[in-house]
Amino acid sequence: MKKLIAKQCGVVAESQVVDQNDKSKGFGNKRKKSERKPRSLAEAAARERSWVWEHFSKEDHPIIEKVDGNDVCVGHTRRAQCKYCTTHLTCNSSSNGTSALKKHLEQVCKGYPGRTEIDKGQTHLATDGKDATVVHLTQENCITDATEMIVMDELPFSFIERPDFRRFCSVAIPKFLVPSRKVIVKTFLRMYQSKKEELRKELSSHCVCLTTDTWTSVQNINYMVLTAHFIDSSCKMHKRVLNFCVISNHQGTTIGKIL
Ligand SMILES: [Zn+2]
């Protein structure tokens, strides 16, 4: 394999530097628990009218405690009983919302009649202004696409949990259950491994030319990028970024060690 290492030192590319401050933002406008307003009765009633209550009934469940070795009923707690299975969930309207009930119907309950519709997904005609393609809308596809958006636009993982984004999704794609940032991170790591494997296979069948380039950011941090170029059977040139890392200095020996 023919290797050509082109070194360009001292080039400052400020635009390439990722703004760390921007990444650390996220939940700046999250309201503290202590600042939350107490819910009025009207608000509580409105919450109870959520569509999930068509699939749950409220039942009093006894609280059993052991007194002198005997089981004694010391009170009752209100729980939401699923109409399709034996599951019952906490439903205290002041401390628990309906998200757990919704999650049970859409992700867990085997008896929920709307389940087949969720599993099957929905087919849409999507257009980017020029071409129209058929898109199969499923929960999995939506998570993959959301992860790709976060990666391509260099957004923080917490973006998925921003209230305004969630509100937008609830209007635009009501069937998409917006996941937590943990799900996005897991999907991202899976995606990284599969793309890495894809790249390894692609590069193994070509002669590649490796190029490095180094920058110094405004914060005086040295960065290096390693790029592979190759020409395919139809004489078309391709470029793939293999690594982007921080280096101690721009010297040839330091770059050589990292390679
Ligand atoms: Zn159920």
# chains A, B, ... in the order shown; residues from 1 in each chain; ligands from 1
call {"tool": "closest_atom_pairs", "arguments": {"of": "chain A", "to": "ligand 1", "cutoff": "8 Å", "atoms": "only C-alpha atoms and all ligand atoms", "output": "tab-separated table"}}
result
residue	atom	partner	partner_atom_place_in_ligand_line	distance
A:Cys82	CA	ligand 1	1 (Zn)	4.7
A:Lys83	CA	ligand 1	1 (Zn)	6.4
A:Tyr84	CA	ligand 1	1 (Zn)	4.8
A:Cys85	CA	ligand 1	1 (Zn)	4.2
A:Thr86	CA	ligand 1	1 (Zn)	6.6
A:Thr87	CA	ligand 1	1 (Zn)	5.6
A:His104	CA	ligand 1	1 (Zn)	6.4
A:Leu105	CA	ligand 1	1 (Zn)	6.0
A:Val108	CA	ligand 1	1 (Zn)	7.1
A:Cys109	CA	ligand 1	1 (Zn)	4.0
A:Lys110	CA	ligand 1	1 (Zn)	6.5
A:Gly111	CA	ligand 1	1 (Zn)	6.0
A:Tyr112	CA	ligand 1	1 (Zn)	6.3
call {"tool": "closest_residue", "arguments": {"among": "A:Ile247, A:Met149, A:Thr211, A:Thr144", "to": "Val183 in chain A", "atoms": "only C-alpha atoms"}}
result
A:Thr144
call {"tool": "select_by_dssp", "arguments": {"residues": "range 66-197 of chain A", "states": "alpha helix (DSSP H)", "output": "PyMOL selection string"}}
result
chain A and resi 99-103+115-120+139-152+163-172+181-197
call {"tool": "atom_distance", "arguments": {"atom1": "CA of Ile150 in chain A", "atom2": "CA of Thr187 in chain A"}}
result
11.3 Å
call {"tool": "closest_residue", "arguments": {"among": "A:Val241, A:Val246, A:Leu203, A:Leu155", "to": "Ile221 in chain A", "atoms": "only C-alpha atoms"}}
result
A:Val246
call {"tool": "atom_distance", "arguments": {"atom1": "CA of Leu259 in chain A", "atom2": "CA of Leu226 in chain A"}}
result
8.4 Å
call {"tool": "closest_residue", "arguments": {"among": "A:Asp60, A:Asp164, A:Asp71, A:Glu140", "to": "Phe176 in chain A", "atoms": "only C-alpha atoms"}}
result
A:Glu140
call {"tool": "closest_residue", "arguments": {"among": "A:Ala146, A:Ala132, A:Val52, A:Cys73", "to": "Lys102 in chain A", "atoms": "only C-alpha atoms"}}
result
A:Val52
call {"tool": "atom_distance", "arguments": {"atom1": "CA of Lys182 in chain A", "atom2": "CA of Glu154 in chain A"}}
result
16.8 Å
call {"tool": "residues_around", "arguments": {"residues": "Lys239 in chain A", "least_positions_apart": "6", "cutoff": "8 Å", "atoms": "only C-alpha atoms", "output": "PDB file with N, CA, C and O atoms, in the first residue's frame"}}
result
ATOM      1  N   THR A 227      -7.176  11.456   6.793  1.00  0.00           N
ATOM      2  CA  THR A 227      -8.105  11.207   5.680  1.00  0.00           C
ATOM      3  C   THR A 227      -7.520  10.175   4.721  1.00  0.00           C
ATOM      4  O   THR A 227      -6.320  10.189   4.470  1.00  0.00           O
ATOM      5  N   ALA A 228      -8.398   9.307   4.213  1.00  0.00           N
ATOM      6  CA  ALA A 228      -7.976   8.329   3.199  1.00  0.00           C
ATOM      7  C   ALA A 228      -8.637   8.689   1.872  1.00  0.00           C
ATOM      8  O   ALA A 228      -9.836   8.965   1.843  1.00  0.00           O
ATOM      9  N   HIS A 229      -7.857   8.714   0.811  1.00  0.00           N
ATOM     10  CA  HIS A 229      -8.393   8.940  -0.539  1.00  0.00           C
ATOM     11  C   HIS A 229      -8.174   7.662  -1.341  1.00  0.00           C
ATOM     12  O   HIS A 229      -7.141   7.008  -1.189  1.00  0.00           O
ATOM     13  N   PHE A 230      -9.128   7.313  -2.169  1.00  0.00           N
ATOM     14  CA  PHE A 230      -8.928   6.173  -3.079  1.00  0.00           C
ATOM     15  C   PHE A 230      -9.739   6.360  -4.354  1.00  0.00           C
ATOM     16  O   PHE A 230     -10.697   7.147  -4.383  1.00  0.00           O
TER      17      PHE A 230
END
call {"tool": "closest_residue", "arguments": {"among": "A:Val185, A:Leu242, A:Met237, A:Val225", "to": "His206 in chain A", "atoms": "only C-alpha atoms"}}
result
A:Met237
call {"tool": "select_by_dssp", "arguments": {"residues": "range 95-194 of chain A", "states": "strand (DSSP E)", "output": "list in words"}}
result
Gln122, Thr123, His124, Leu125, Ala126, Thr127, Ala132, Thr133, Val134, Val135, His136 and Leu137 of chain A
call {"tool": "write_last_selection", "arguments": {"atoms": "N, CA and C atoms", "output": "PDB file, in the first residue's frame"}}
result
ATOM      1  N   GLN A 122     -46.343   3.172   9.378  1.00  0.00           N
ATOM      2  CA  GLN A 122     -47.174   3.858   8.406  1.00  0.00           C
ATOM      3  C   GLN A 122     -46.294   4.245   7.237  1.00  0.00           C
ATOM      4  N   THR A 123     -46.844   4.206   6.043  1.00  0.00           N
ATOM      5  CA  THR A 123     -46.055   4.569   4.881  1.00  0.00           C
ATOM      6  C   THR A 123     -46.417   5.974   4.434  1.00  0.00           C
ATOM      7  N   HIS A 124     -45.383   6.808   4.226  1.00  0.00           N
ATOM      8  CA  HIS A 124     -45.597   8.194   3.825  1.00  0.00           C
ATOM      9  C   HIS A 124     -44.840   8.471   2.543  1.00  0.00           C
ATOM     10  N   LEU A 125     -45.264   9.489   1.830  1.00  0.00           N
ATOM     11  CA  LEU A 125     -44.539   9.943   0.661  1.00  0.00           C
ATOM     12  C   LEU A 125     -43.761  11.183   1.087  1.00  0.00           C
ATOM     13  N   ALA A 126     -42.432  11.063   1.137  1.00  0.00           N
ATOM     14  CA  ALA A 126     -41.602  12.194   1.573  1.00  0.00           C
ATOM     15  C   ALA A 126     -40.926  12.821   0.367  1.00  0.00           C
ATOM     16  N   THR A 127     -40.814  14.138   0.364  1.00  0.00           N
ATOM     17  CA  THR A 127     -40.161  14.822  -0.747  1.00  0.00           C
ATOM     18  C   THR A 127     -39.173  15.863  -0.226  1.00  0.00           C
ATOM     19  N   ALA A 132     -39.483  12.428  -4.840  1.00  0.00           N
ATOM     20  CA  ALA A 132     -40.378  11.899  -3.813  1.00  0.00           C
ATOM     21  C   ALA A 132     -40.011  10.444  -3.547  1.00  0.00           C
ATOM     22  N   THR A 133     -39.901  10.072  -2.282  1.00  0.00           N
ATOM     23  CA  THR A 133     -39.599   8.691  -1.922  1.00  0.00           C
ATOM     24  C   THR A 133     -40.613   8.190  -0.907  1.00  0.00           C
ATOM     25  N   VAL A 134     -40.830   6.879  -0.923  1.00  0.00           N
ATOM     26  CA  VAL A 134     -41.759   6.286   0.036  1.00  0.00           C
ATOM     27  C   VAL A 134     -40.995   5.991   1.329  1.00  0.00           C
ATOM     28  N   VAL A 135     -41.486   6.525   2.432  1.00  0.00           N
ATOM     29  CA  VAL A 135     -40.814   6.339   3.721  1.00  0.00           C
ATOM     30  C   VAL A 135     -41.720   5.502   4.624  1.00  0.00           C
ATOM     31  N   HIS A 136     -41.141   4.447   5.217  1.00  0.00           N
ATOM     32  CA  HIS A 136     -41.901   3.603   6.128  1.00  0.00           C
ATOM     33  C   HIS A 136     -41.681   4.122   7.544  1.00  0.00           C
ATOM     34  N   LEU A 137     -42.721   4.658   8.138  1.00  0.00           N
ATOM     35  CA  LEU A 137     -42.590   5.293   9.452  1.00  0.00           C
ATOM     36  C   LEU A 137     -42.810   4.283  10.570  1.00  0.00           C
TER      37      LEU A 137
END
call {"tool": "residues_around", "arguments": {"residues": "Thr147 in chain A", "least_positions_apart": "3", "cutoff": "12 Å", "atoms": "only C-alpha atoms", "output": "PyMOL selection string"}}
result
chain A and resi 140-144+150-160+178-192
